[in-house]
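Trainee: What follows is the file target.tsv, containing TSV, C-alpha atoms:
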```
chain	number	residue	atom	x	y	z
A	1	MET	CA	18.10	108.24	31.81
A	2	SER	CA	19.12	110.38	28.82
A	3	ASP	CA	19.72	114.10	29.21
A	4	ASP	CA	16.63	114.71	27.07
A	5	ALA	CA	14.47	112.82	29.58
A	6	LEU	CA	15.76	114.65	32.66
A	7	LYS	CA	13.44	117.05	34.44
A	8	ILE	CA	14.67	120.53	35.34
A	9	THR	CA	14.19	122.70	38.40
A	10	PRO	CA	13.12	126.37	38.16
A	11	LEU	CA	16.79	127.29	38.70
A	12	ASN	CA	18.23	125.33	35.75
A	13	ALA	CA	18.99	128.42	33.67
A	14	ALA	CA	20.59	130.12	36.69
A	15	HIS	CA	22.95	127.16	37.21
A	16	ARG	CA	23.96	127.15	33.58
A	17	ALA	CA	24.54	130.91	33.64
A	18	LEU	CA	26.97	130.34	36.53
A	19	GLY	CA	28.89	127.72	34.53
A	20	ALA	CA	27.79	124.77	36.67
A	21	ARG	CA	28.75	121.26	35.63
A	22	MET	CA	25.38	119.53	35.28
A	23	VAL	CA	24.61	115.83	35.87
A	24	GLY	CA	21.54	113.63	36.11
A	25	PHE	CA	20.45	113.05	39.72
A	26	GLY	CA	17.12	111.72	40.99
A	27	GLY	CA	15.71	112.16	37.48
A	28	TYR	CA	16.72	115.83	37.34
A	29	ASP	CA	19.40	117.85	35.55
A	30	MET	CA	21.30	119.16	38.57
A	31	PRO	CA	24.54	121.08	39.31
A	32	VAL	CA	27.24	118.80	40.70
A	33	GLN	CA	29.78	121.63	41.08
A	34	TYR	CA	30.56	125.22	40.13
A	35	GLU	CA	34.20	125.92	41.03
A	36	GLY	CA	35.00	122.50	42.53
A	37	VAL	CA	33.78	120.18	45.27
A	38	LEU	CA	36.66	120.89	47.67
A	39	ALA	CA	36.33	124.68	47.48
A	40	GLU	CA	32.53	124.53	47.76
A	41	HIS	CA	32.68	122.15	50.73
A	42	LYS	CA	35.10	124.38	52.63
A	43	TRP	CA	33.13	127.53	51.78
A	44	THR	CA	29.99	126.00	53.30
A	45	ARG	CA	31.83	124.99	56.48
A	46	GLU	CA	33.31	128.51	56.83
A	47	HIS	CA	30.70	130.86	55.34
A	48	ALA	CA	27.32	130.20	53.66
A	49	GLY	CA	26.58	127.82	50.81
A	50	LEU	CA	23.43	128.08	48.69
A	51	PHE	CA	21.95	124.84	47.32
A	52	ASP	CA	19.15	124.13	44.88
A	53	VAL	CA	17.19	121.22	46.35
A	54	SER	CA	14.05	121.84	44.31
A	55	HIS	CA	14.19	118.25	43.05
A	56	MET	CA	12.99	117.11	46.49
A	57	GLY	CA	9.28	116.34	46.86
A	58	GLN	CA	7.14	118.82	48.78
A	59	ALA	CA	3.56	118.13	49.86
A	60	LYS	CA	0.88	119.00	52.38
A	61	ILE	CA	-1.31	116.42	54.10
A	62	THR	CA	-4.49	118.19	55.15
A	63	GLY	CA	-7.88	117.37	56.67
A	64	LYS	CA	-8.98	116.62	60.23
A	65	ASP	CA	-7.52	113.10	60.07
A	66	ALA	CA	-4.19	114.20	58.53
A	67	ILE	CA	-1.91	113.47	61.48
A	68	GLU	CA	-3.66	110.26	62.51
A	69	GLN	CA	-3.42	109.01	58.94
A	70	PHE	CA	0.21	110.04	58.47
A	71	GLU	CA	1.17	108.05	61.56
A	72	ARG	CA	-0.03	104.89	59.78
A	73	PHE	CA	3.06	105.15	57.55
A	74	VAL	CA	5.78	106.32	59.96
A	75	PRO	CA	7.02	105.40	63.47
A	76	GLY	CA	7.05	108.97	64.84
A	77	ASP	CA	4.57	110.54	67.25
A	78	TYR	CA	3.20	113.54	65.35
A	79	LYS	CA	0.15	114.00	67.59
A	80	ILE	CA	2.38	115.56	70.27
A	81	LEU	CA	4.47	117.62	67.85
A	82	LYS	CA	4.06	121.29	68.69
A	83	ASP	CA	3.10	123.95	66.17
A	84	ASN	CA	6.06	125.38	64.23
A	85	LYS	CA	8.17	122.26	64.83
A	86	GLN	CA	9.23	119.53	62.43
A	87	LYS	CA	10.54	116.01	62.97
A	88	TYR	CA	12.69	113.60	60.98
A	89	SER	CA	10.93	110.34	60.24
A	90	LEU	CA	10.90	107.24	58.06
A	91	LEU	CA	8.35	105.96	55.58
A	92	LEU	CA	8.24	102.24	56.36
A	93	ASN	CA	7.02	99.22	54.41
A	94	ASP	CA	5.18	96.32	56.03
A	95	GLU	CA	8.50	94.51	56.63
A	96	GLY	CA	9.93	97.47	58.56
A	97	GLY	CA	12.24	98.53	55.72
A	98	ILE	CA	12.86	102.18	54.98
A	99	MET	CA	11.04	103.24	51.80
A	100	ASP	CA	12.30	106.79	52.33
A	101	ASP	CA	13.41	109.20	55.01
A	102	LEU	CA	11.64	112.53	55.28
A	103	MET	CA	10.88	115.68	57.24
A	104	ALA	CA	7.34	116.48	58.36
A	105	GLY	CA	6.28	119.49	60.40
A	106	LYS	CA	3.58	121.98	61.34
A	107	PRO	CA	4.47	125.36	59.82
A	108	ASP	CA	0.86	126.59	59.92
A	109	HIS	CA	-2.55	125.35	61.05
A	110	ASP	CA	-3.13	123.38	57.87
A	111	GLY	CA	-2.03	119.79	58.49
A	112	LEU	CA	1.52	118.63	57.85
A	113	TYR	CA	4.19	119.94	55.47
A	114	VAL	CA	6.27	116.99	54.22
A	115	VAL	CA	9.57	116.90	52.28
A	116	VAL	CA	10.75	113.60	50.75
A	117	ASN	CA	13.72	112.55	48.61
A	118	ALA	CA	13.77	113.31	44.89
A	119	GLY	CA	14.34	109.76	43.63
A	120	ASN	CA	11.49	108.38	45.74
A	121	LYS	CA	8.91	111.16	45.60
A	122	ASP	CA	6.70	109.70	42.87
A	123	ALA	CA	6.54	106.32	44.63
A	124	ASP	CA	6.12	107.96	48.06
A	125	PHE	CA	3.26	110.17	46.95
A	126	ALA	CA	1.56	107.32	45.08
A	127	HIS	CA	1.81	105.14	48.20
A	128	LEU	CA	0.35	107.84	50.43
A	129	ARG	CA	-2.40	108.79	47.98
A	130	ALA	CA	-3.47	105.16	47.55
A	131	ASN	CA	-3.60	104.43	51.26
A	132	LEU	CA	-4.74	107.59	53.04
A	133	GLN	CA	-8.19	107.11	54.55
A	134	GLY	CA	-10.86	109.27	56.18
A	135	ASP	CA	-10.56	113.05	55.97
A	136	ALA	CA	-6.94	113.28	54.86
A	137	GLN	CA	-5.78	114.60	51.50
A	138	LEU	CA	-2.35	114.68	49.89
A	139	GLN	CA	-1.59	117.93	48.05
A	140	VAL	CA	1.67	117.72	46.08
A	141	MET	CA	3.26	121.18	45.91
A	142	GLU	CA	4.51	121.04	42.33
A	143	ASP	CA	4.61	124.83	41.95
A	144	ARG	CA	7.31	125.40	44.55
A	145	ALA	CA	11.11	125.42	44.54
A	146	LEU	CA	13.30	124.57	47.54
A	147	LEU	CA	16.55	126.33	48.44
A	148	ALA	CA	18.94	125.51	51.28
A	149	ILE	CA	21.40	127.97	52.75
A	150	GLN	CA	23.91	126.29	55.04
A	151	GLY	CA	26.95	127.34	57.07
A	152	PRO	CA	27.96	129.52	60.03
A	153	GLU	CA	27.12	132.77	58.21
A	154	ALA	CA	23.71	131.62	56.97
A	155	ILE	CA	21.88	133.18	59.91
A	156	ALA	CA	23.47	136.60	59.35
A	157	VAL	CA	22.58	136.44	55.65
A	158	MET	CA	18.98	135.45	56.27
A	159	THR	CA	18.25	137.91	59.07
A	160	ARG	CA	19.11	140.75	56.69
A	161	HIS	CA	15.96	139.76	54.84
A	162	GLU	CA	13.81	138.79	57.85
A	163	PRO	CA	15.05	139.58	61.41
A	164	ALA	CA	12.43	137.25	62.95
A	165	LEU	CA	14.36	134.23	61.65
A	166	ALA	CA	16.87	134.77	64.47
A	167	GLU	CA	14.21	133.49	66.87
A	168	MET	CA	14.03	130.12	65.16
A	169	SER	CA	15.88	127.13	66.62
A	170	PHE	CA	17.02	123.87	65.03
A	171	MET	CA	14.02	121.95	63.61
A	172	ASP	CA	11.66	124.93	63.86
A	173	VAL	CA	9.48	125.45	60.79
A	174	ASN	CA	7.26	128.40	59.94
A	175	ARG	CA	5.19	129.92	57.18
A	176	LEU	CA	6.28	133.52	56.67
A	177	MET	CA	6.31	136.30	54.12
A	178	VAL	CA	9.98	136.68	53.22
A	179	PHE	CA	11.45	138.10	49.98
A	180	GLY	CA	7.91	139.40	49.35
A	181	VAL	CA	6.46	135.89	48.91
A	182	ASP	CA	4.79	133.11	50.90
A	183	CYS	CA	7.62	130.89	52.22
A	184	TYR	CA	7.83	127.70	54.23
A	185	ILE	CA	11.09	128.05	56.18
A	186	SER	CA	12.75	125.51	58.45
A	187	ARG	CA	15.97	125.92	60.42
A	188	SER	CA	17.47	122.67	59.25
A	189	GLY	CA	19.44	121.06	56.42
A	190	TYR	CA	21.56	118.04	55.58
A	191	THR	CA	25.11	119.32	55.98
A	192	GLY	CA	25.64	119.27	59.74
A	193	GLU	CA	25.74	123.08	59.71
A	194	ASP	CA	23.30	125.69	60.95
A	195	GLY	CA	21.10	126.99	58.18
A	196	PHE	CA	17.68	127.11	56.57
A	197	GLU	CA	15.60	125.34	53.96
A	198	ILE	CA	13.31	127.76	52.14
A	199	SER	CA	10.32	126.72	50.04
A	200	VAL	CA	9.31	129.48	47.62
A	201	PRO	CA	6.93	129.79	44.65
A	202	SER	CA	8.68	128.49	41.51
A	203	ALA	CA	8.05	131.77	39.69
A	204	ASP	CA	10.12	133.65	42.31
A	205	ALA	CA	12.92	131.10	42.73
A	206	GLU	CA	15.47	132.61	40.35
A	207	ARG	CA	14.97	136.13	41.72
A	208	ILE	CA	15.48	134.92	45.31
A	209	TRP	CA	18.47	132.74	44.33
A	210	ASN	CA	20.18	135.71	42.68
A	211	LEU	CA	19.29	138.02	45.56
A	212	LEU	CA	20.95	135.68	48.07
A	213	LEU	CA	24.03	135.36	45.85
A	214	GLU	CA	24.47	139.15	45.90
A	215	ASP	CA	25.72	138.72	49.49
A	216	GLU	CA	29.50	138.19	49.43
A	217	ARG	CA	29.18	135.59	52.18
A	218	VAL	CA	27.14	133.31	49.89
A	219	LYS	CA	28.31	131.07	47.05
A	220	PRO	CA	26.39	128.47	45.00
A	221	ILE	CA	27.16	124.89	46.00
A	222	GLY	CA	26.58	121.74	43.94
A	223	LEU	CA	25.50	118.23	44.82
A	224	GLY	CA	29.11	117.02	45.04
A	225	ALA	CA	29.81	119.11	48.14
A	226	ARG	CA	26.34	118.43	49.50
A	227	ASP	CA	27.27	114.74	49.51
A	228	SER	CA	30.68	115.22	51.17
A	229	LEU	CA	29.12	117.55	53.76
A	230	ARG	CA	26.37	115.10	54.72
A	231	LEU	CA	28.87	112.23	54.82
A	232	GLU	CA	31.08	114.12	57.30
A	233	ALA	CA	27.97	114.81	59.38
A	234	GLY	CA	27.28	111.06	59.51
A	235	LEU	CA	23.93	111.49	57.74
A	236	PRO	CA	22.72	108.50	55.70
A	237	LEU	CA	21.51	108.90	52.12
A	238	HIS	CA	18.51	106.95	50.89
A	239	GLY	CA	19.31	104.77	47.91
A	240	HIS	CA	22.82	104.27	49.24
A	241	ASP	CA	22.92	103.84	53.05
A	242	LEU	CA	19.17	103.28	53.38
A	243	ASP	CA	16.78	101.21	51.30
A	244	ALA	CA	13.62	99.17	51.55
A	245	THR	CA	15.47	96.22	53.16
A	246	VAL	CA	17.18	98.27	55.91
A	247	SER	CA	15.34	98.78	59.21
A	248	PRO	CA	15.61	101.83	61.49
A	249	VAL	CA	17.51	99.71	64.03
A	250	GLU	CA	20.03	98.46	61.47
A	251	ALA	CA	20.49	102.03	60.19
A	252	ASP	CA	21.11	103.41	63.71
A	253	LEU	CA	17.97	105.53	63.33
A	254	ALA	CA	15.96	104.01	66.18
A	255	PHE	CA	15.57	107.51	67.66
A	256	ALA	CA	12.93	108.05	64.95
A	257	VAL	CA	10.74	105.38	66.59
A	258	SER	CA	8.84	107.32	69.27
A	259	LYS	CA	8.29	105.83	72.71
A	260	SER	CA	4.50	105.92	72.43
A	261	ARG	CA	4.61	104.15	69.08
A	262	LYS	CA	6.85	101.40	70.47
A	263	GLU	CA	4.34	100.84	73.26
A	264	ALA	CA	1.42	100.74	70.85
A	265	ALA	CA	3.31	98.67	68.23
A	266	ASP	CA	1.08	100.30	65.65
A	267	PHE	CA	3.49	101.22	62.84
A	268	PRO	CA	4.51	99.28	59.71
A	269	GLY	CA	7.01	96.52	60.42
A	270	ALA	CA	6.58	96.88	64.18
A	271	GLU	CA	7.11	93.17	64.84
A	272	ARG	CA	10.55	93.14	63.19
A	273	ILE	CA	11.66	96.50	64.55
A	274	LEU	CA	10.62	95.79	68.15
A	275	LYS	CA	12.34	92.39	67.97
A	276	GLU	CA	15.54	94.03	66.73
A	277	LEU	CA	15.35	96.62	69.51
A	278	ALA	CA	15.02	93.84	72.08
A	279	GLU	CA	17.44	91.28	70.66
A	280	GLY	CA	19.68	93.28	68.35
A	281	PRO	CA	19.76	93.34	64.54
A	282	SER	CA	21.85	91.07	62.31
A	283	ARG	CA	23.72	94.05	60.83
A	284	LYS	CA	24.32	97.64	61.88
A	285	ARG	CA	25.48	100.86	60.27
A	286	VAL	CA	29.13	101.66	61.02
A	287	ASN	CA	31.24	104.78	60.52
A	288	LEU	CA	34.77	104.08	59.30
A	289	ILE	CA	38.03	105.93	58.97
A	290	VAL	CA	40.19	104.35	56.25
A	291	LYS	CA	43.79	104.69	57.38
A	292	GLU	CA	45.67	104.01	54.16
A	293	GLY	CA	45.35	103.81	50.41
A	294	ALA	CA	42.52	105.17	48.28
A	295	PRO	CA	39.09	106.16	49.64
A	296	ALA	CA	36.61	103.30	50.04
A	297	ARG	CA	33.63	103.98	47.78
A	298	GLU	CA	30.16	102.47	47.69
A	299	GLY	CA	30.34	98.71	47.06
A	300	ALA	CA	33.77	98.15	48.63
A	301	GLU	CA	33.88	95.11	50.91
A	302	ILE	CA	34.50	95.43	54.65
A	303	ALA	CA	36.55	92.69	56.30
A	304	ASP	CA	37.54	91.91	59.86
A	305	LYS	CA	41.19	92.31	60.84
A	306	ASP	CA	41.84	88.71	59.74
A	307	GLY	CA	40.54	89.40	56.24
A	308	ASN	CA	37.13	87.71	56.50
A	309	VAL	CA	34.54	89.72	54.53
A	310	ILE	CA	31.76	90.80	56.89
A	311	GLY	CA	30.06	93.75	55.24
A	312	VAL	CA	29.94	96.44	52.58
A	313	VAL	CA	30.56	100.17	52.24
A	314	THR	CA	27.45	102.12	51.24
A	315	SER	CA	28.98	105.65	51.09
A	316	GLY	CA	32.57	106.82	51.18
A	317	GLY	CA	35.10	109.39	50.08
A	318	PRO	CA	37.63	111.94	51.27
A	319	SER	CA	36.72	114.27	54.13
A	320	PRO	CA	37.78	117.80	53.12
A	321	SER	CA	37.38	119.08	56.69
A	322	THR	CA	39.62	116.47	58.37
A	323	GLY	CA	41.89	115.30	55.55
A	324	GLN	CA	40.90	111.71	56.33
A	325	LYS	CA	39.18	109.08	54.20
A	326	ILE	CA	35.76	108.24	55.65
A	327	ALA	CA	32.98	105.78	54.91
A	328	ILE	CA	29.63	104.44	56.05
A	329	GLY	CA	28.74	100.77	55.75
A	330	PHE	CA	27.02	97.80	57.35
A	331	VAL	CA	28.59	95.01	59.44
A	332	PRO	CA	27.48	92.59	62.17
A	333	PRO	CA	26.83	94.62	65.37
A	334	ALA	CA	29.92	93.36	67.23
A	335	PHE	CA	32.13	94.89	64.52
A	336	ALA	CA	30.37	98.26	64.68
A	337	GLU	CA	31.66	98.98	68.18
A	338	ILE	CA	33.83	102.09	68.34
A	339	GLY	CA	37.52	101.29	68.12
A	340	THR	CA	37.08	97.97	66.29
A	341	GLU	CA	39.93	97.32	63.84
A	342	LEU	CA	38.64	96.46	60.37
A	343	GLN	CA	39.78	96.44	56.76
A	344	VAL	CA	38.25	97.67	53.53
A	345	ILE	CA	38.99	96.06	50.19
A	346	VAL	CA	39.69	98.78	47.63
A	347	ARG	CA	40.69	97.77	44.09
A	348	GLY	CA	41.58	94.31	45.34
A	349	ARG	CA	43.83	95.58	48.15
A	350	ALA	CA	43.10	95.45	51.87
A	351	ALA	CA	43.49	98.74	53.76
A	352	ALA	CA	43.32	99.22	57.51
A	353	ALA	CA	40.16	100.89	58.85
A	354	GLU	CA	38.64	101.65	62.24
A	355	ALA	CA	35.06	101.95	63.47
A	356	VAL	CA	34.55	105.45	64.89
A	357	ALA	CA	31.79	107.53	66.44
A	358	SER	CA	29.29	109.50	64.41
A	359	PRO	CA	29.50	112.23	63.20
A	360	PHE	CA	32.98	112.51	61.69
A	361	VAL	CA	32.84	116.31	62.09
A	362	PRO	CA	30.94	117.97	64.98
A	363	THR	CA	27.51	119.27	63.94
A	364	ARG	CA	26.68	122.93	64.54
A	365	TYR	CA	22.90	123.01	64.65
A	366	TYR	CA	21.58	126.05	66.54
A	367	ARG	CA	19.53	125.37	69.63
A	368	LYS	CA	18.29	128.15	71.86
A	369	PRO	CA	19.83	128.15	75.36
A	370	LYS	CA	17.36	126.82	77.92
A	371	ALA	CA	15.99	129.46	80.25
```
Could the structure of this file be written out as structure tokens, please?
Mentor:
Amino acid sequence: MSDDALKITPLNAAHRALGARMVGFGGYDMPVQYEGVLAEHKWTREHAGLFDVSHMGQAKITGKDAIEQFERFVPGDYKILKDNKQKYSLLLNDEGGIMDDLMAGKPDHDGLYVVVNAGNKDADFAHLRANLQGDAQLQVMEDRALLAIQGPEAIAVMTRHEPALAEMSFMDVNRLMVFGVDCYISRSGYTGEDGFEISVPSADAERIWNLLLEDERVKPIGLGARDSLRLEAGLPLHGHDLDATVSPVEADLAFAVSKSRKEAADFPGAERILKELAEGPSRKRVNLIVKEGAPAREGAEIADKDGNVIGVVTSGGPSPSTGQKIAIGFVPPAFAEIGTELQVIVRGRAAAAEAVASPFVPTRYYRKPKA
């Protein structure tokens, strides 16, 4: 897509004013970095990074049948989801492949608030709109921006503006007046750090962005560091580690298939997914540490220790937090077991690799201590 055809977020001028290097991503003109991926990555792990994720798709599904209808597309149990909670789920096709991964929650008493990936949002929303039945309506929230503030100092930054946010726990979501506007706020993100995602009216986005950046603990972070942060956290990226051929079992996301839905077998692709749960899939997501040579990038082949090609890398790069080279890929299940010696083929050369546990870096999501 040419630069002329790229869409822009409400923060485009703000990024350019900060000297961001802009690239096309998900059909949008987006900042890949400001001062550099390494510095931005480390700042987020140590302080608070501010991200523009307004290219993501935001929508409400409303009406008395909203939750029942939404469950026709996903394997999660949203009927039992409590108010002010959200849940990660997967939009599945009839073959059990992952059309997209998403967040859906109950920030108010008006159905579900749903956030989907930028590159898939048009197809996702068209699929939902064409297939919702009964009293359930899809309302795409095109007049809203989405910010994410991530890192150990994010909570201190945000509670300066709204002390009540300290009461939120990981995966809580609420609708609150913050910064003088109507916000949807969740305590979540895709970096492995504590933090918040904040949906705000587009007209107020630049003011709120600049207000947050006035805090010395906060720096703007581009998509380059967002990718290295999520990779370290072992979080898959749709269009790379997930696609319409990959099942939740293959992707090691079977936790998103709720117990009640397994018993009812009433979600798209249930026959395949339940069979894979019972008998095992033909391939499985694996986390790798590459022990030598250059980082293994998407498309690199994975081989067993004897050099037989058995799989492919779907995401990879250097880990700024650990100094190691890390990757995600798919291999037959026996080779995904922790400690398995493997190889990756990078630029025609075999390099030693090892299957390791996920995540590569411990996550720091905030959960309230149980009483």
Trainee: Between A:Thr314, A:Ser199, A:Thr159, A:Asn84, which has the minimum distance to Ala59 (chain A) (counting only C-alpha atoms)?
Mentor: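 For Ala59 (chain A), the nearest of the given residues is A:Ser199.
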Trainee: For the atom pair CA of Phe70 (chain A) and CA of Val115 (chain A), what is the interatomic distance in Å to one decimal place?
Mentor: 13.2 Å
Trainee: Restricting the calculation to only C-alpha atoms, which member of A:Ala350, A:Ala166, A:Met158, A:Val312 is positioned closest to His240 (chain A)?
Mentor: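 Selected residue with least distance to His240 (chain A): A:Val312.
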Trainee: Which of these, A:Ile8, A:Ala13, A:Leu277, A:Val200, has the shortest distance to Tyr28 (chain A) once you count all atoms listed in the file?
Mentor: A:Ile8
Trainee: List as a ChimeraX atom specification the residues having at least one atom at most 12 Å from position (18.5, 135.2, 68.1) as given in the file, counting only C-alpha atoms.
Mentor: /A:155-156,158-159,162-170,366-369
Trainee: So, counting all atoms listed in the file, which residue among A:Arg364, A:Lys87, A:Lys370, A:Arg230 is closest to Ala154 (chain A)?
Mentor: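 Under the stated criterion, the closest residue is A:Arg364.
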Trainee: Since the input has fewer atoms than a full residue there, write region 182-205 of chain A out with N, CA and C atoms, as a compact mmCIF listing (two decimals), in the frame of the given file.
Mentor:
```
# COMPACT_ATOMS: atom_id res chain seq x y z
N ASP A 182 5.20 134.10 49.91
CA ASP A 182 4.79 133.11 50.90
C ASP A 182 5.83 132.00 50.95
N CYS A 183 6.54 131.88 52.08
CA CYS A 183 7.62 130.89 52.22
C CYS A 183 7.32 129.90 53.35
N TYR A 184 7.73 128.67 53.14
CA TYR A 184 7.83 127.70 54.23
C TYR A 184 9.32 127.63 54.56
N ILE A 185 9.68 127.98 55.80
CA ILE A 185 11.09 128.05 56.18
C ILE A 185 11.34 127.18 57.40
N SER A 186 12.33 126.31 57.30
CA SER A 186 12.75 125.51 58.45
C SER A 186 14.22 125.81 58.76
N ARG A 187 14.56 125.78 60.04
CA ARG A 187 15.97 125.92 60.42
C ARG A 187 16.54 124.52 60.49
N SER A 188 16.98 124.05 59.35
CA SER A 188 17.47 122.67 59.25
C SER A 188 18.25 122.54 57.94
N GLY A 189 18.68 121.34 57.64
CA GLY A 189 19.44 121.06 56.42
C GLY A 189 20.11 119.72 56.56
N TYR A 190 20.95 119.37 55.56
CA TYR A 190 21.56 118.04 55.58
C TYR A 190 23.06 118.13 55.39
N THR A 191 23.66 119.11 56.08
CA THR A 191 25.11 119.32 55.98
C THR A 191 25.82 119.22 57.32
N GLY A 192 25.04 119.21 58.41
CA GLY A 192 25.64 119.27 59.74
C GLY A 192 25.85 120.69 60.23
N GLU A 193 25.57 121.68 59.36
CA GLU A 193 25.74 123.08 59.71
C GLU A 193 24.39 123.71 60.10
N ASP A 194 24.48 124.86 60.76
CA ASP A 194 23.30 125.69 60.95
C ASP A 194 22.85 126.18 59.58
N GLY A 195 21.57 126.46 59.44
CA GLY A 195 21.10 126.99 58.18
C GLY A 195 19.60 126.83 58.04
N PHE A 196 19.11 127.10 56.83
CA PHE A 196 17.68 127.11 56.57
C PHE A 196 17.37 126.40 55.26
N GLU A 197 16.19 125.78 55.21
CA GLU A 197 15.60 125.34 53.96
C GLU A 197 14.40 126.23 53.70
N ILE A 198 14.29 126.72 52.46
CA ILE A 198 13.31 127.76 52.14
C ILE A 198 12.50 127.33 50.93
N SER A 199 11.21 127.06 51.13
CA SER A 199 10.32 126.72 50.04
C SER A 199 9.68 128.00 49.53
N VAL A 200 9.81 128.24 48.23
CA VAL A 200 9.31 129.48 47.62
C VAL A 200 8.52 129.13 46.36
N PRO A 201 7.62 130.03 45.92
CA PRO A 201 6.93 129.79 44.65
C PRO A 201 7.95 129.67 43.50
N SER A 202 7.73 128.72 42.61
CA SER A 202 8.68 128.49 41.51
C SER A 202 8.95 129.75 40.71
N ALA A 203 7.91 130.56 40.52
CA ALA A 203 8.05 131.77 39.69
C ALA A 203 9.02 132.78 40.29
N ASP A 204 9.25 132.69 41.61
CA ASP A 204 10.12 133.65 42.31
C ASP A 204 11.49 133.07 42.63
N ALA A 205 11.71 131.80 42.29
CA ALA A 205 12.92 131.10 42.73
C ALA A 205 14.19 131.75 42.21
```
